[in-house]
>>> print(open('query_29.cif').read())   # mmCIF, C-alpha atoms and all ligand atoms
data_query
loop_
_atom_site.label_atom_id
_atom_site.label_comp_id
_atom_site.auth_asym_id
_atom_site.auth_seq_id
_atom_site.Cartn_x
_atom_site.Cartn_y
_atom_site.Cartn_z
CA MET A 1 13.79 9.78 -5.43
CA SER A 2 10.96 12.25 -5.30
CA PHE A 3 9.60 14.33 -2.45
CA THR A 4 6.22 13.64 -0.89
CA LEU A 5 3.85 15.65 1.28
CA ALA A 6 3.61 14.35 4.85
CA PRO A 7 0.21 14.50 6.55
CA LEU A 8 -0.31 17.34 9.03
CA PRO A 9 0.77 16.30 12.54
CA TYR A 10 -2.79 17.20 13.78
CA ALA A 11 -6.28 17.53 12.31
CA HIS A 12 -7.11 20.42 9.95
CA GLU A 13 -9.54 21.82 12.53
CA ALA A 14 -7.15 21.41 15.47
CA LEU A 15 -5.90 25.01 15.43
CA GLU A 16 -9.38 26.61 15.50
CA PRO A 17 -10.31 29.33 16.20
CA HIS A 18 -6.84 30.85 15.71
CA ILE A 19 -6.17 29.28 12.31
CA ASP A 20 -9.33 28.09 10.59
CA THR A 21 -10.03 24.66 9.08
CA LEU A 22 -10.47 25.80 5.46
CA THR A 23 -7.20 27.73 5.52
CA MET A 24 -5.39 24.66 6.84
CA GLN A 25 -6.99 22.40 4.21
CA ILE A 26 -6.01 24.69 1.33
CA HIS A 27 -2.65 25.74 2.75
CA HIS A 28 -1.46 22.18 3.36
CA GLY A 29 -3.42 20.24 0.74
CA LYS A 30 -3.12 22.69 -2.17
CA HIS A 31 -0.29 25.18 -1.59
CA HIS A 32 2.19 22.86 0.11
CA GLN A 33 1.26 20.00 -2.24
CA ALA A 34 1.97 22.29 -5.21
CA TYR A 35 5.45 23.15 -3.87
CA VAL A 36 6.20 19.43 -3.57
CA ASP A 37 4.85 18.62 -7.05
CA ASN A 38 6.63 21.55 -8.71
CA LEU A 39 9.89 20.76 -6.90
CA ASN A 40 9.76 17.19 -8.23
CA LYS A 41 9.02 18.47 -11.75
CA ALA A 42 11.85 21.00 -11.63
CA LEU A 43 14.37 18.38 -10.43
CA SER A 44 13.28 15.56 -12.71
CA GLY A 45 16.03 14.51 -15.10
CA THR A 46 18.54 17.06 -13.77
CA PRO A 47 21.85 16.37 -11.98
CA ASN A 48 20.23 17.68 -8.78
CA GLU A 49 17.65 14.90 -8.71
CA GLY A 50 18.45 12.80 -5.64
CA LYS A 51 19.73 15.67 -3.51
CA THR A 52 18.19 16.00 -0.07
CA LEU A 53 16.01 18.99 0.79
CA ALA A 54 18.75 20.31 3.10
CA GLU A 55 21.28 20.07 0.25
CA ILE A 56 18.93 21.91 -2.11
CA VAL A 57 18.26 24.70 0.39
CA ALA A 58 22.00 25.15 1.04
CA ILE A 59 22.69 25.87 -2.65
CA ALA A 60 19.42 27.69 -3.39
CA GLY A 61 21.20 30.70 -4.87
CA SER A 62 22.69 28.74 -7.75
CA ILE A 63 20.10 26.03 -8.40
CA GLY A 64 17.57 28.06 -10.43
CA ALA A 65 14.37 29.84 -9.41
CA PRO A 66 11.93 26.89 -9.73
CA VAL A 67 13.99 24.68 -7.38
CA ARG A 68 14.81 27.57 -5.02
CA ASN A 69 11.15 28.65 -4.73
CA ASN A 70 9.54 25.23 -4.52
CA GLY A 71 12.33 23.65 -2.47
CA GLY A 72 12.08 26.56 -0.05
CA GLY A 73 8.30 26.21 -0.05
CA HIS A 74 8.55 22.54 0.85
CA TRP A 75 11.17 23.10 3.57
CA ASN A 76 9.42 26.14 5.08
CA HIS A 77 5.95 24.59 5.23
CA THR A 78 7.16 21.30 6.71
CA PHE A 79 8.91 23.38 9.39
CA PHE A 80 5.83 25.58 9.90
CA TRP A 81 3.36 22.71 10.50
CA GLU A 82 5.72 21.26 13.11
CA SER A 83 6.02 24.69 14.77
CA LEU A 84 2.28 24.69 15.55
CA ALA A 85 0.09 22.54 17.78
CA PRO A 86 -3.36 22.52 19.33
CA ASN A 87 -3.56 23.41 23.03
CA ALA A 88 -0.25 25.20 22.66
CA GLY A 89 0.94 28.80 22.91
CA GLY A 90 1.90 30.41 26.20
CA THR A 91 5.51 31.30 26.78
CA ALA A 92 8.88 29.65 26.34
CA SER A 93 10.40 28.41 29.57
CA GLY A 94 13.76 27.06 30.73
CA LYS A 95 16.92 27.87 28.80
CA LEU A 96 15.01 29.08 25.75
CA GLY A 97 12.89 31.43 27.88
CA ASP A 98 16.08 32.78 29.47
CA ALA A 99 17.75 33.20 26.07
CA ILE A 100 14.71 35.10 24.74
CA THR A 101 14.77 37.46 27.72
CA ALA A 102 18.54 37.94 27.34
CA ALA A 103 18.27 38.70 23.61
CA PHE A 104 15.14 40.85 23.50
CA GLY A 105 14.59 42.17 27.05
CA SER A 106 11.33 40.34 27.74
CA PHE A 107 9.00 37.77 26.20
CA ASP A 108 6.56 40.51 25.20
CA ALA A 109 9.34 42.51 23.55
CA PHE A 110 10.34 39.36 21.62
CA LYS A 111 6.75 38.87 20.40
CA GLU A 112 6.57 42.51 19.30
CA LYS A 113 9.83 42.26 17.40
CA MET A 114 8.79 39.03 15.68
CA ALA A 115 5.41 40.55 14.71
CA ALA A 116 7.18 43.66 13.41
CA ALA A 117 9.41 41.45 11.24
CA GLY A 118 6.27 39.85 9.80
CA MET A 119 4.48 43.16 9.34
CA THR A 120 7.37 44.89 7.60
CA ARG A 121 8.03 42.06 5.17
CA PHE A 122 6.53 43.65 2.05
CA GLY A 123 4.48 41.25 -0.04
CA SER A 124 5.01 37.55 0.64
CA GLY A 125 7.55 35.95 2.92
CA TRP A 126 8.39 34.69 6.38
CA ALA A 127 9.53 35.99 9.76
CA TRP A 128 12.01 33.85 11.67
CA LEU A 129 13.55 33.31 15.08
CA ILE A 130 17.04 31.96 14.43
CA VAL A 131 20.13 30.88 16.30
CA LYS A 132 23.15 32.69 14.88
CA ASP A 133 26.60 32.29 16.43
CA GLY A 134 24.97 30.86 19.55
CA LYS A 135 22.58 33.80 19.98
CA LEU A 136 18.93 34.39 19.14
CA GLU A 137 18.03 36.82 16.36
CA ILE A 138 14.90 37.77 14.45
CA CYS A 139 14.91 38.22 10.69
CA SER A 140 12.62 37.87 7.69
CA THR A 141 12.95 36.52 4.16
CA PRO A 142 11.08 37.18 0.90
CA ASN A 143 9.03 34.62 -1.00
CA GLN A 144 10.00 31.06 0.04
CA ASP A 145 13.58 31.85 1.00
CA ASN A 146 14.81 30.95 4.49
CA PRO A 147 17.85 31.69 6.68
CA LEU A 148 19.52 28.37 5.78
CA MET A 149 19.88 29.45 2.15
CA ASP A 150 23.24 30.57 0.83
CA ILE A 151 21.59 33.71 -0.58
CA ALA A 152 19.88 34.72 2.72
CA GLU A 153 20.67 38.26 3.90
CA VAL A 154 20.75 37.01 7.52
CA LYS A 155 21.88 33.40 7.90
CA GLY A 156 21.26 31.15 10.87
CA THR A 157 19.41 28.08 12.11
CA PRO A 158 15.65 28.69 12.25
CA ILE A 159 13.86 27.51 15.40
CA LEU A 160 10.50 29.24 14.76
CA GLY A 161 8.98 30.69 11.60
CA VAL A 162 5.72 32.33 10.64
CA ASP A 163 4.31 32.34 7.13
CA VAL A 164 3.10 35.85 6.20
CA TRP A 165 1.91 35.04 2.69
CA GLU A 166 -1.72 36.13 2.28
CA HIS A 167 -2.68 32.48 1.65
CA ALA A 168 -1.78 31.79 5.30
CA TYR A 169 -4.46 34.12 6.68
CA TYR A 170 -6.65 35.79 4.06
CA LEU A 171 -9.78 33.61 4.41
CA LYS A 172 -10.18 34.36 8.10
CA TYR A 173 -8.30 37.61 8.61
CA GLN A 174 -8.55 39.18 5.10
CA ASN A 175 -6.05 42.06 4.99
CA ARG A 176 -5.46 42.02 8.75
CA ARG A 177 -2.00 40.47 8.92
CA ALA A 178 -1.50 41.93 12.41
CA ASP A 179 -4.53 40.02 13.75
CA TYR A 180 -3.22 36.78 12.25
CA LEU A 181 0.20 37.40 13.78
CA ALA A 182 -1.42 38.04 17.18
CA ALA A 183 -3.42 34.79 16.90
CA PHE A 184 -0.32 32.83 15.86
CA TRP A 185 1.05 32.98 19.44
CA ASN A 186 -1.86 30.83 20.62
CA VAL A 187 -0.73 27.87 18.53
CA VAL A 188 3.08 27.97 18.82
CA ASN A 189 4.48 24.58 19.84
CA TRP A 190 7.11 25.73 22.34
CA THR A 191 8.08 22.13 23.09
CA LYS A 192 9.20 21.76 19.47
CA VAL A 193 10.87 25.19 19.37
CA THR A 194 12.78 24.32 22.56
CA GLU A 195 14.00 21.03 21.01
CA ARG A 196 15.28 22.95 17.99
CA PHE A 197 16.95 25.56 20.22
CA GLU A 198 18.74 22.86 22.20
CA ALA A 199 19.91 21.16 19.01
CA ALA A 200 21.16 24.45 17.48
CA HIS A 201 22.65 26.10 20.52
MN MN3 B 1 2.31 29.22 2.98
#
>>> encode(input="query_29.cif", output="structure tokens")
Amino acid sequence: MSFTLAPLPYAHEALEPHIDTLTMQIHHGKHHQAYVDNLNKALSGTPNEGKTLAEIVAIAGSIGAPVRNNGGGHWNHTFFWESLAPNAGGTASGKLGDAITAAFGSFDAFKEKMAAAGMTRFGSGWAWLIVKDGKLEICSTPNQDNPLMDIAEVKGTPILGVDVWEHAYYLKYQNRRADYLAAFWNVVNWTKVTERFEAAH
């Protein structure tokens, strides 16, 4: 069995002007495709061939760097595309909205803390909103690691993630990671994040 790249759940231009068409074309069609291809290459002919992506992520610390990095890349990007949507953004409502207020004080304070996690991740990585022991937490990971990995510093179930690799924003925002992180809130698919919260909580 080998892994394949699913089409984006919306058109490449659907997230304009917040995330531009060319970035989406390259990010999904080139970067994500490369993670899938390199994951298949790294697994081919090894005892780990045939494992699911969830199984690979769970043992990332002992499976070797090529599988850890490309398996994480495949998992993280699949999760990221589903976290976004056109005509989205706004605020979380219902139980998730209440849980965010309870954990962080207010929705604005949550956004600030998530942006700070993205800004302070040196180099390439991800910022995450996770459910840990029934509560919401914010954390970040380097490279293509994620909080489901056995080697993660902070472990939990991700319900929202933001890619802070330069390839996610450089064409439109150049070095301005903060501007990209501010624009990100306009395309968050809170319906999807709420589904994940309800499944994890
Ligand atoms: Mn990326």
>>> residues_near_ligand(input="query_29.cif", ligand="ligand MN3 1 (chain B)", cutoff="6 Å", atoms="only C-alpha atoms and all ligand atoms", output="list in words")
Asp163, Trp165 and Ala168 of chain A
>>> write_last_selection(input="query_29.cif", atoms="C-alpha atoms", output="PDB file, keeping the file's coordinate frame")
ATOM      1  CA  ASP A 163       4.310  32.340   7.130  1.00  0.00           C
ATOM      2  CA  TRP A 165       1.910  35.040   2.690  1.00  0.00           C
ATOM      3  CA  ALA A 168      -1.780  31.790   5.300  1.00  0.00           C
TER       4      ALA A 168
END
>>> closest_residue(input="query_29.cif", among="A:Met114, A:Val164, A:Leu148, A:Ala92", to="Glu195 (chain A)", atoms="all atoms listed in the file")
A:Ala92
>>> atom_distance(input="query_29.cif", atom1="CA of Asp108 (chain A)", atom2="CA of Thr91 (chain A)")
9.4 Å
>>> residues_near_point(input="query_29.cif", point="(-1.3, 28.5, 6.4)", cutoff="8 Å", atoms="only C-alpha atoms", output="list in words")
Ile19, Thr23, Met24, Ile26, His27, His28, Asp163, His167, Ala168 and Tyr169 of chain A
>>> write_last_selection(input="query_29.cif", atoms="C-alpha atoms", output="compact mmCIF listing (two decimals), keeping the file's coordinate frame")
# COMPACT_ATOMS: atom_id res chain seq x y z
CA ILE A 19 -6.17 29.28 12.31
CA THR A 23 -7.20 27.73 5.52
CA MET A 24 -5.39 24.66 6.84
CA ILE A 26 -6.01 24.69 1.33
CA HIS A 27 -2.65 25.74 2.75
CA HIS A 28 -1.46 22.18 3.36
CA ASP A 163 4.31 32.34 7.13
CA HIS A 167 -2.68 32.48 1.65
CA ALA A 168 -1.78 31.79 5.30
CA TYR A 169 -4.46 34.12 6.68
>>> closest_atom_pairs(input="query_29.cif", of="region 70-154 of chain A", to="region 39-49 of chain A", cutoff="12 Å", atoms="all atoms listed in the file", output="tab-separated table")
residue	atom	partner	partner_atom	distance
A:Asn70	CA	A:Leu39	CA	5.1
A:Gly71	CA	A:Leu39	CA	5.8
A:Gly72	CA	A:Leu39	CA	9.2
A:Gly73	CA	A:Leu39	CA	8.9
A:His74	CA	A:Leu39	CA	8.1
A:Trp75	CA	A:Leu39	CA	10.8
>>> residues_around(input="query_29.cif", residues="region 96-105 of chain A", least_positions_apart="6", cutoff="12 Å", atoms="all atoms listed in the file", output="PDB file with C-alpha atoms, keeping the file's coordinate frame")
ATOM      1  CA  GLY A  90       1.900  30.410  26.200  1.00  0.00           C
ATOM      2  CA  LYS A 111       6.750  38.870  20.400  1.00  0.00           C
ATOM      3  CA  GLU A 112       6.570  42.510  19.300  1.00  0.00           C
ATOM      4  CA  LYS A 113       9.830  42.260  17.400  1.00  0.00           C
ATOM      5  CA  MET A 114       8.790  39.030  15.680  1.00  0.00           C
ATOM      6  CA  LEU A 129      13.550  33.310  15.080  1.00  0.00           C
ATOM      7  CA  ILE A 130      17.040  31.960  14.430  1.00  0.00           C
ATOM      8  CA  VAL A 131      20.130  30.880  16.300  1.00  0.00           C
ATOM      9  CA  LYS A 132      23.150  32.690  14.880  1.00  0.00           C
ATOM     10  CA  GLY A 134      24.970  30.860  19.550  1.00  0.00           C
ATOM     11  CA  LYS A 135      22.580  33.800  19.980  1.00  0.00           C
ATOM     12  CA  LEU A 136      18.930  34.390  19.140  1.00  0.00           C
ATOM     13  CA  GLU A 137      18.030  36.820  16.360  1.00  0.00           C
ATOM     14  CA  ILE A 138      14.900  37.770  14.450  1.00  0.00           C
ATOM     15  CA  ILE A 159      13.860  27.510  15.400  1.00  0.00           C
ATOM     16  CA  LEU A 160      10.500  29.240  14.760  1.00  0.00           C
ATOM     17  CA  TRP A 190       7.110  25.730  22.340  1.00  0.00           C
ATOM     18  CA  THR A 191       8.080  22.130  23.090  1.00  0.00           C
ATOM     19  CA  LYS A 192       9.200  21.760  19.470  1.00  0.00           C
ATOM     20  CA  VAL A 193      10.870  25.190  19.370  1.00  0.00           C
ATOM     21  CA  THR A 194      12.780  24.320  22.560  1.00  0.00           C
ATOM     22  CA  GLU A 195      14.000  21.030  21.010  1.00  0.00           C
ATOM     23  CA  ARG A 196      15.280  22.950  17.990  1.00  0.00           C
ATOM     24  CA  PHE A 197      16.950  25.560  20.220  1.00  0.00           C
ATOM     25  CA  GLU A 198      18.740  22.860  22.200  1.00  0.00           C
ATOM     26  CA  ALA A 199      19.910  21.160  19.010  1.00  0.00           C
ATOM     27  CA  ALA A 200      21.160  24.450  17.480  1.00  0.00           C
ATOM     28  CA  HIS A 201      22.650  26.100  20.520  1.00  0.00           C
TER      29      HIS A 201
END
>>> closest_residue(input="query_29.cif", among="A:Lys30, A:Gly161, A:Pro66, A:Pro86", to="Ala14 (chain A)", atoms="only C-alpha atoms")
A:Pro86
>>> closest_residue(input="query_29.cif", among="A:Thr78, A:Leu22, A:Ser62, A:Thr52", to="Tyr170 (chain A)", atoms="all atoms listed in the file")
A:Leu22
>>> atom_distance(input="query_29.cif", atom1="CA of Gly29 (chain A)", atom2="CA of Gln174 (chain A)")
20.1 Å
>>> atom_distance(input="query_29.cif", atom1="CA of Leu5 (chain A)", atom2="CA of Arg177 (chain A)")
26.6 Å
